[in-house]
>>> print(open('query-v6.pdb').read())   # PDB, C-alpha atoms
ATOM      1  CA  MET A   1      42.690  25.677 -88.877
ATOM      2  CA  GLU A   2      45.762  27.752 -88.109
ATOM      3  CA  ALA A   3      46.849  25.328 -85.391
ATOM      4  CA  PHE A   4      46.418  22.449 -87.808
ATOM      5  CA  LEU A   5      48.516  24.184 -90.456
ATOM      6  CA  VAL A   6      51.222  25.054 -87.945
ATOM      7  CA  ASP A   7      51.299  21.446 -86.869
ATOM      8  CA  ILE A   8      51.541  20.024 -90.350
ATOM      9  CA  GLU A   9      53.380  22.638 -92.394
ATOM     10  CA  LYS A  10      56.981  21.618 -91.780
ATOM     11  CA  ARG A  11      56.399  17.994 -92.566
ATOM     12  CA  ALA A  12      54.306  18.849 -95.581
ATOM     13  CA  TYR A  13      57.014  21.184 -96.831
ATOM     14  CA  HIS A  14      59.593  18.507 -96.218
ATOM     15  CA  MET A  15      57.519  15.991 -98.151
ATOM     16  CA  ALA A  16      57.073  18.363-101.090
ATOM     17  CA  ALA A  17      60.712  19.382-101.068
ATOM     18  CA  PHE A  18      61.765  15.776-100.862
ATOM     19  CA  SER A  19      59.665  14.925-103.878
ATOM     20  CA  THR A  20      60.502  17.948-106.020
ATOM     21  CA  GLY A  21      64.035  18.558-104.837
ATOM     22  CA  SER A  22      63.448  22.283-104.946
ATOM     23  CA  HIS A  23      62.751  24.740-102.147
ATOM     24  CA  ALA A  24      60.805  27.184-104.311
ATOM     25  CA  ASP A  25      58.622  24.514-105.908
ATOM     26  CA  ALA A  26      57.962  22.935-102.542
ATOM     27  CA  LEU A  27      56.782  26.272-101.182
ATOM     28  CA  ASP A  28      54.517  26.773-104.202
ATOM     29  CA  LEU A  29      52.974  23.350-103.768
ATOM     30  CA  LEU A  30      52.544  23.905-100.056
ATOM     31  CA  GLN A  31      50.898  27.246-100.639
ATOM     32  CA  ASP A  32      48.496  25.872-103.247
ATOM     33  CA  SER A  33      47.533  22.986-101.002
ATOM     34  CA  MET A  34      46.990  25.203 -97.982
ATOM     35  CA  ILE A  35      44.902  27.682 -99.950
ATOM     36  CA  LYS A  36      42.724  24.919-101.346
ATOM     37  CA  LEU A  37      42.232  23.378 -97.918
ATOM     38  CA  VAL A  38      41.372  26.710 -96.334
ATOM     39  CA  THR A  39      39.029  27.909 -99.058
ATOM     40  CA  LYS A  40      37.277  24.647 -99.887
ATOM     41  CA  TYR A  41      37.405  22.355 -96.896
ATOM     42  CA  GLN A  42      37.550  24.548 -93.825
ATOM     43  CA  ASP A  43      33.978  23.629 -92.958
ATOM     44  CA  LYS A  44      34.742  19.914 -92.889
ATOM     45  CA  PRO A  45      35.329  18.218 -89.524
ATOM     46  CA  SER A  46      38.872  18.815 -88.317
ATOM     47  CA  LYS A  47      39.699  15.110 -88.179
ATOM     48  CA  GLU A  48      39.246  14.977 -91.971
ATOM     49  CA  TRP A  49      41.698  17.779 -92.612
ATOM     50  CA  LYS A  50      44.862  15.718 -92.450
ATOM     51  CA  PRO A  51      43.993  13.120 -95.117
ATOM     52  CA  LEU A  52      42.369  15.835 -97.207
ATOM     53  CA  PHE A  53      45.414  18.051 -97.004
ATOM     54  CA  TYR A  54      47.776  15.264 -97.939
ATOM     55  CA  LYS A  55      45.517  14.245-100.791
ATOM     56  CA  ILE A  56      45.648  17.785-102.160
ATOM     57  CA  LEU A  57      49.386  17.959-101.656
ATOM     58  CA  GLN A  58      50.025  14.620-103.339
ATOM     59  CA  ASN A  59      47.842  15.636-106.273
ATOM     60  CA  ARG A  60      49.850  18.815-106.591
ATOM     61  CA  ILE A  61      53.100  16.871-106.456
ATOM     62  CA  ARG A  62      51.822  14.479-109.120
ATOM     63  CA  ASP A  63      50.834  17.416-111.313
ATOM     64  CA  TRP A  64      54.244  18.949-110.786
ATOM     65  CA  HIS A  65      55.946  15.762-111.915
ATOM     66  CA  ARG A  66      53.727  15.561-115.007
ATOM     67  CA  HIS A  67      54.491  19.169-115.785
ATOM     68  CA  GLN A  68      58.205  18.550-115.398
ATOM     69  CA  LYS A  69      57.991  15.556-117.705
ATOM     70  CA  VAL A  70      56.270  17.564-120.424
ATOM     71  CA  LYS A  71      58.683  20.430-119.906
ATOM     72  CA  SER A  72      61.693  18.178-120.258
ATOM     73  CA  LEU A  73      60.246  16.680-123.455
ATOM     74  CA  LEU A  74      59.506  20.045-125.003
ATOM     75  CA  PHE A  75      62.708  21.748-123.931
ATOM     76  CA  PHE A  76      65.025  18.764-124.096
ATOM     77  CA  TRP A  77      68.049  20.921-124.927
ATOM     78  CA  LYS A  78      67.684  22.909-121.740
ATOM     79  CA  ASN A  79      69.367  21.504-118.719
ATOM     80  CA  ASP A  80      67.659  23.052-115.721
ATOM     81  CA  GLU A  81      69.868  23.087-112.736
ATOM     82  CA  ILE A  82      67.844  21.819-109.838
ATOM     83  CA  GLU A  83      69.001  23.089-106.526
ATOM     84  CA  GLU A  84      70.082  20.465-104.097
ATOM     85  CA  TRP A  85      67.593  19.629-101.409
ATOM     86  CA  PRO A  86      67.927  19.270 -98.492
ATOM     87  CA  PRO A  87      70.688  21.887 -98.537
ATOM     88  CA  THR A  88      73.948  20.733 -97.086
ATOM     89  CA  ASN A  89      74.640  22.791 -94.043
ATOM     90  CA  ASN A  90      78.195  22.528 -92.879
ATOM     91  CA  ASP A  91      77.945  25.277 -90.286
ATOM     92  CA  ASP A  92      75.658  23.286 -88.093
ATOM     93  CA  GLY A  93      77.021  24.753 -84.914
ATOM     94  CA  VAL A  94      79.646  23.631 -82.501
ATOM     95  CA  LEU A  95      79.049  20.134 -81.250
ATOM     96  CA  ASP A  96      79.713  19.081 -77.720
ATOM     97  CA  THR A  97      80.693  15.563 -78.590
ATOM     98  CA  PRO A  98      81.956  15.784 -82.131
ATOM     99  CA  GLU A  99      82.482  12.110 -82.876
ATOM    100  CA  LYS A 100      79.151  11.025 -81.513
ATOM    101  CA  ASN A 101      77.253  13.783 -83.245
ATOM    102  CA  LEU A 102      79.107  13.252 -86.491
ATOM    103  CA  THR A 103      78.194   9.589 -86.534
ATOM    104  CA  LYS A 104      74.584  10.406 -85.780
ATOM    105  CA  ASP A 105      74.496  13.038 -88.505
ATOM    106  CA  GLN A 106      76.091  10.649 -90.960
ATOM    107  CA  GLN A 107      73.565   7.961 -90.158
ATOM    108  CA  GLN A 108      70.680  10.343 -90.541
ATOM    109  CA  GLY A 109      72.078  11.706 -93.756
ATOM    110  CA  ALA A 110      72.504   8.184 -95.049
ATOM    111  CA  ALA A 111      68.929   7.318 -94.096
ATOM    112  CA  ILE A 112      67.656  10.302 -96.080
ATOM    113  CA  GLU A 113      69.822   9.299 -99.028
ATOM    114  CA  HIS A 114      68.401   5.778 -98.895
ATOM    115  CA  LEU A 115      64.909   7.171 -98.901
ATOM    116  CA  LYS A 116      65.768   9.197-101.992
ATOM    117  CA  LYS A 117      66.765   6.028-103.808
ATOM    118  CA  LEU A 118      63.281   4.544-103.494
ATOM    119  CA  SER A 119      60.800   4.872-106.326
ATOM    120  CA  PRO A 120      58.442   7.872-106.011
ATOM    121  CA  LYS A 121      55.518   5.618-105.117
ATOM    122  CA  GLN A 122      57.483   3.823-102.452
ATOM    123  CA  GLN A 123      58.769   7.102-101.056
ATOM    124  CA  GLN A 124      55.285   8.534-100.984
ATOM    125  CA  CYS A 125      53.882   5.426 -99.368
ATOM    126  CA  PHE A 126      56.614   5.283 -96.741
ATOM    127  CA  LEU A 127      56.279   8.937 -95.839
ATOM    128  CA  LEU A 128      52.516   8.755 -95.502
ATOM    129  CA  ARG A 129      52.306   5.429 -93.726
ATOM    130  CA  SER A 130      55.351   5.412 -91.539
ATOM    131  CA  TRP A 131      56.205   9.047 -90.978
ATOM    132  CA  GLU A 132      52.745  10.570 -90.981
ATOM    133  CA  GLY A 133      51.158   7.512 -89.443
ATOM    134  CA  LEU A 134      48.188   7.464 -91.793
ATOM    135  CA  SER A 135      46.089   4.324 -92.133
ATOM    136  CA  VAL A 136      46.281   2.017 -95.148
ATOM    137  CA  ALA A 137      42.838   3.179 -96.244
ATOM    138  CA  ASP A 138      43.757   6.863 -96.024
ATOM    139  CA  THR A 139      47.055   6.282 -97.793
ATOM    140  CA  ALA A 140      45.290   4.376-100.556
ATOM    141  CA  ASP A 141      42.827   7.215-100.930
ATOM    142  CA  ILE A 142      45.607   9.792-101.058
ATOM    143  CA  MET A 143      47.698   7.808-103.513
ATOM    144  CA  GLN A 144      44.631   6.902-105.548
ATOM    145  CA  CYS A 145      45.381   3.210-105.598
ATOM    146  CA  SER A 146      44.109   0.072-103.892
ATOM    147  CA  GLN A 147      44.915  -0.849-100.313
ATOM    148  CA  GLY A 148      46.746  -3.914-101.596
ATOM    149  CA  SER A 149      49.047  -1.700-103.661
ATOM    150  CA  VAL A 150      49.752   0.449-100.625
ATOM    151  CA  LYS A 151      50.737  -2.612 -98.624
ATOM    152  CA  THR A 152      52.989  -3.803-101.438
ATOM    153  CA  HIS A 153      54.668  -0.408-101.889
ATOM    154  CA  TYR A 154      55.175  -0.088 -98.170
ATOM    155  CA  PHE A 155      56.593  -3.569 -97.737
ATOM    156  CA  ARG A 156      59.016  -3.079-100.621
ATOM    157  CA  ALA A 157      60.051   0.334 -99.351
ATOM    158  CA  VAL A 158      60.829  -0.955 -95.886
ATOM    159  CA  SER A 159      62.645  -4.018 -97.255
ATOM    160  CA  LYS A 160      64.768  -1.875 -99.572
ATOM    161  CA  LEU A 161      65.611   0.548 -96.805
ATOM    162  CA  ARG A 162      66.609  -2.287 -94.535
ATOM    163  CA  THR A 163      68.813  -3.845 -97.214
ATOM    164  CA  MET A 164      70.482  -0.542 -98.017
ATOM    165  CA  MET A 165      71.140   0.162 -94.372
ATOM    166  CA  GLU A 166      72.563  -3.290 -93.867
ATOM    167  CA  ASP A 167      74.841  -2.836 -96.867
ATOM    168  CA  ASP A 168      75.895   0.541 -95.573
ATOM    169  CA  HIS A 169      77.026  -0.654 -92.205
ATOM    170  CA  GLU A 170      77.956  -4.132 -93.372
ATOM    171  CA  ILE A 171      75.829  -5.504 -90.621
ATOM    172  CA  THR A 172      72.717  -7.581 -90.410
ATOM    173  CA  PHE A 173      70.012  -6.185 -88.263
TER     174      PHE A 173
ATOM    175  CA  MET B   1      52.013 -25.060 -86.246
ATOM    176  CA  LYS B   2      55.109 -22.965 -86.843
ATOM    177  CA  SER B   3      58.459 -24.182 -85.634
ATOM    178  CA  PRO B   4      60.223 -22.085 -82.955
ATOM    179  CA  SER B   5      63.128 -21.252 -85.299
ATOM    180  CA  ARG B   6      60.737 -19.955 -87.929
ATOM    181  CA  ASN B   7      58.970 -17.877 -85.331
ATOM    182  CA  ASP B   8      62.300 -16.440 -84.238
ATOM    183  CA  ASN B   9      63.157 -15.545 -87.826
ATOM    184  CA  GLU B  10      59.859 -13.781 -88.341
ATOM    185  CA  GLU B  11      60.310 -11.859 -85.129
ATOM    186  CA  LYS B  12      63.813 -10.920 -86.160
ATOM    187  CA  ILE B  13      62.670  -9.661 -89.577
ATOM    188  CA  LYS B  14      59.879  -7.705 -87.954
ATOM    189  CA  SER B  15      62.192  -6.074 -85.463
ATOM    190  CA  THR B  16      64.791  -5.193 -88.128
ATOM    191  CA  ARG B  17      62.070  -3.628 -90.254
ATOM    192  CA  ASN B  18      60.952  -1.587 -87.282
ATOM    193  CA  GLU B  19      64.525  -0.507 -86.649
ATOM    194  CA  ALA B  20      64.957   0.577 -90.257
ATOM    195  CA  MET B  21      61.668   2.474 -90.131
ATOM    196  CA  GLN B  22      62.543   4.153 -86.864
ATOM    197  CA  SER B  23      65.943   5.084 -88.160
ATOM    198  CA  VAL B  24      64.521   6.746 -91.281
ATOM    199  CA  ASN B  25      61.721   8.390 -89.309
ATOM    200  CA  SER B  26      64.129   9.858 -86.808
ATOM    201  CA  ALA B  27      66.307  11.105 -89.678
ATOM    202  CA  LEU B  28      63.268  12.780 -91.210
ATOM    203  CA  ASN B  29      62.253  14.296 -87.891
ATOM    204  CA  HIS B  30      65.770  15.573 -87.382
ATOM    205  CA  SER B  31      65.734  17.061 -90.848
ATOM    206  CA  VAL B  32      62.467  18.838 -90.077
ATOM    207  CA  ASP B  33      63.729  20.089 -86.731
ATOM    208  CA  THR B  34      66.847  21.543 -88.283
ATOM    209  CA  LEU B  35      65.203  23.417 -91.122
ATOM    210  CA  PRO B  36      66.964  26.729 -91.739
ATOM    211  CA  GLU B  37      65.453  29.881 -90.304
ATOM    212  CA  SER B  38      64.840  31.330 -93.763
ATOM    213  CA  THR B  39      62.803  28.261 -94.725
ATOM    214  CA  LEU B  40      60.728  28.529 -91.567
ATOM    215  CA  THR B  41      60.031  32.165 -92.346
ATOM    216  CA  ASP B  42      58.963  31.239 -95.874
ATOM    217  CA  ILE B  43      56.662  28.521 -94.572
ATOM    218  CA  ALA B  44      55.090  30.916 -92.058
ATOM    219  CA  ARG B  45      54.531  33.445 -94.840
ATOM    220  CA  VAL B  46      52.870  30.805 -96.992
ATOM    221  CA  ARG B  47      50.604  29.821 -94.113
ATOM    222  CA  ALA B  48      49.599  33.409 -93.421
ATOM    223  CA  LEU B  49      48.824  33.859 -97.098
ATOM    224  CA  ALA B  50      46.691  30.715 -97.184
ATOM    225  CA  LEU B  51      44.759  31.707 -94.066
ATOM    226  CA  ASN B  52      44.217  35.153 -95.475
ATOM    227  CA  SER B  53      42.955  33.751 -98.777
ATOM    228  CA  LYS B  54      39.654  32.777 -97.136
ATOM    229  CA  ASN B  55      39.100  36.344 -95.975
ATOM    230  CA  VAL B  56      40.071  37.669 -99.384
ATOM    231  CA  GLN B  57      37.582  35.311-101.021
ATOM    232  CA  LEU B  58      34.835  36.294 -98.557
ATOM    233  CA  ASN B  59      35.564  39.980 -99.097
ATOM    234  CA  LEU B  60      35.436  39.483-102.839
ATOM    235  CA  GLN B  61      32.078  37.672-102.625
ATOM    236  CA  LYS B  62      30.770  40.350-100.300
ATOM    237  CA  SER B  63      31.895  43.156-102.574
ATOM    238  CA  ILE B  64      30.270  41.480-105.597
ATOM    239  CA  LEU B  65      27.017  41.107-103.635
ATOM    240  CA  ASP B  66      27.205  44.706-102.480
ATOM    241  CA  THR B  67      27.747  45.889-106.024
ATOM    242  CA  ILE B  68      24.713  43.944-107.279
ATOM    243  CA  ILE B  69      22.514  45.276-104.456
ATOM    244  CA  ALA B  70      23.692  48.844-105.011
ATOM    245  CA  TRP B  71      23.045  48.459-108.715
ATOM    246  CA  LEU B  72      19.524  47.112-108.120
ATOM    247  CA  PHE B  73      18.604  50.056-105.904
ATOM    248  CA  ASN B  74      20.179  52.629-108.175
ATOM    249  CA  PRO B  75      17.557  55.256-109.287
ATOM    250  CA  MET B  76      18.775  55.014-112.864
ATOM    251  CA  PHE B  77      18.214  51.283-112.736
ATOM    252  CA  LYS B  78      14.729  51.796-111.269
ATOM    253  CA  ILE B  79      13.718  53.945-114.233
ATOM    254  CA  GLY B  80      15.764  52.177-116.837
ATOM    255  CA  VAL B  81      14.413  48.699-116.259
ATOM    256  CA  PRO B  82      10.687  49.552-116.694
ATOM    257  CA  VAL B  83      11.489  51.618-119.783
ATOM    258  CA  ALA B  84      13.552  48.820-121.278
ATOM    259  CA  ALA B  85      10.819  46.314-120.433
ATOM    260  CA  ALA B  86       8.160  48.498-122.073
ATOM    261  CA  ILE B  87      10.248  48.889-125.220
ATOM    262  CA  THR B  88      10.871  45.156-125.376
ATOM    263  CA  ILE B  89       7.163  44.376-124.999
ATOM    264  CA  PHE B  90       6.215  46.966-127.621
ATOM    265  CA  ILE B  91       8.684  45.591-130.140
ATOM    266  CA  SER B  92       7.725  41.969-129.522
ATOM    267  CA  VAL B  93       4.007  42.718-129.932
ATOM    268  CA  ASN B  94       4.322  44.802-133.088
ATOM    269  CA  TYR B  95       7.003  42.840-134.780
ATOM    270  CA  VAL B  96       5.851  41.152-137.984
ATOM    271  CA  SER B  97       8.035  38.316-138.877
ATOM    272  CA  VAL B  98       8.742  37.402-142.511
ATOM    273  CA  ASP B  99       7.513  33.912-141.680
ATOM    274  CA  THR B 100       4.011  35.215-141.003
ATOM    275  CA  ILE B 101       3.589  36.265-144.663
ATOM    276  CA  PRO B 102       2.001  33.286-146.400
ATOM    277  CA  GLU B 103       3.599  31.759-149.426
ATOM    278  CA  LEU B 104       2.240  32.311-152.914
ATOM    279  CA  PRO B 105      -0.699  30.066-153.697
ATOM    280  CA  LEU B 106       0.218  26.933-155.561
ATOM    281  CA  ALA B 107      -2.253  27.706-158.319
ATOM    282  CA  MET B 108      -0.445  30.928-159.117
ATOM    283  CA  MET B 109       2.830  29.123-159.376
ATOM    284  CA  ALA B 110       1.387  26.799-161.980
ATOM    285  CA  ALA B 111       1.937  27.337-165.639
ATOM    286  CA  ASP B 112      -1.657  28.591-166.230
ATOM    287  CA  ILE B 113      -0.775  32.100-165.209
ATOM    288  CA  PRO B 114       1.635  33.872-167.500
ATOM    289  CA  THR B 115       4.759  35.341-166.012
ATOM    290  CA  GLU B 116       3.916  38.915-166.984
ATOM    291  CA  ASP B 117       0.771  38.774-164.841
ATOM    292  CA  PHE B 118       2.921  38.663-161.758
ATOM    293  CA  ALA B 119       3.806  42.253-162.333
ATOM    294  CA  MET B 120       0.241  43.123-161.528
ATOM    295  CA  LEU B 121       0.531  41.546-158.137
ATOM    296  CA  GLU B 122       2.789  44.122-156.597
ATOM    297  CA  ASP B 123       0.562  44.769-153.766
ATOM    298  CA  LEU B 124       1.414  42.437-150.938
ATOM    299  CA  GLU B 125      -2.060  42.632-149.449
ATOM    300  CA  PHE B 126      -3.572  41.276-152.611
ATOM    301  CA  ILE B 127      -1.244  38.290-152.560
ATOM    302  CA  THR B 128      -2.122  37.716-148.962
ATOM    303  CA  TRP B 129      -5.792  37.860-149.772
ATOM    304  CA  LEU B 130      -5.338  35.337-152.551
ATOM    305  CA  ALA B 131      -3.408  33.078-150.254
ATOM    306  CA  GLU B 132      -6.104  33.241-147.645
ATOM    307  CA  ASN B 133      -8.686  32.422-150.298
ATOM    308  CA  GLU B 134      -6.612  29.500-151.502
ATOM    309  CA  GLN B 135      -6.294  28.172-148.002
ATOM    310  CA  SER B 136     -10.022  28.530-147.293
ATOM    311  CA  THR B 137     -10.971  26.731-150.514
ATOM    312  CA  LEU B 138      -8.604  23.894-149.745
ATOM    313  CA  LEU B 139     -10.213  23.507-146.381
TER     314      LEU B 139
END
>>> encode(input="query-v6.pdb", output="structure tokens")
Amino acid sequence: MEAFLVDIEKRAYHMAAFSTGSHADALDLLQDSMIKLVTKYQDKPSKEWKPLFYKILQNRIRDWHRHQKVKSLLFFWKNDEIEEWPPTNNDDGVLDTPEKNLTKDQQQGAAIEHLKKLSPKQQQCFLLRSWEGLSVADTADIMQCSQGSVKTHYFRAVSKLRTMMEDDHEITF
Amino acid sequence: MKSPSRNDNEEKIKSTRNEAMQSVNSALNHSVDTLPESTLTDIARVRALALNSKNVQLNLQKSILDTIIAWLFNPMFKIGVPVAAAITIFISVNYVSVDTIPELPLAMMAADIPTEDFAMLEDLEFITWLAENEQSTLL
């Protein structure tokens, strides 16, 4: 179990942080998900852990969004400052080939920004399908929707990303 | 059958989609690889806490079980339970519920008997006897 958590934790944190935009909330969600997996599903076969863990995490993220929605309705006059995530790190070390690395960093930063512009469902679908490499069936189970919806979300996400990247570089892939 | 140009277009779209996906995936991987040290420490702490939670839960269950067992084999409990059981049985056997007292016979409730005669029927046993008689005659 520990090896599994070590393997998955960074990406899971990244996913939670990406969705919530907050380091502290992402850690809370990650902790809740890990605790639930360890206490409730440790006895399950290890190959089931990954989809189970992501299902728990996505449920937590969904709950967090609901909670935020209610909170913003109830305390509409409060303007909570959400910390920027991922944090911009300008002291990223000395680069051997500055121009090359700068371009690469810019491209990667732009890709992340494009991903942020997608709808939450599309983001979620892209991260699970493309980044985590989960099957359509597993993704549908995690997202609690049909496999057809997953395919649609994924197709739209990829198409949007492609369009945004093309617009960015004024090129056609 | 698809025309060659259409096939080329489809291939092109497919490859551009793959490129876009790869580009975003590599950006995400890079982002994960360059997480700050403080974040990595926090994540490790969270993991340790989660892994420990199982042990904490097991210890809690074990301690609850131990407490119950210790309580069951406590000498006070050994004496207390039979005494409490005996008291409960005694009370339940000797308890006379209000419901067991039969109602006044219907004949007595009728207008034939004057109201002042009821004063004579203070004794509950007499009323009971009358009720029993009433019931037996009805049967």
>>> resolve_selection(input="query-v6.pdb", expression="the ChimeraX specification (/B :<8) & /A", output="PyMOL selection string")
chain A and resi 2+5-6+9-11+13-14+27+30-32+34-35+38-39+107-109+111-112+115+130-131+158-159+161-162+165+173
>>> atom_distance(input="query-v6.pdb", atom1="CA of Glu166 in chain A", atom2="CA of Ala110 in chain A")
11.5 Å
>>> atom_distance(input="query-v6.pdb", atom1="CA of Trp49 in chain A", atom2="CA of Phe4 in chain A")
8.2 Å
>>> atom_distance(input="query-v6.pdb", atom1="CA of Tyr41 in chain A", atom2="CA of Cys125 in chain A")
23.8 Å
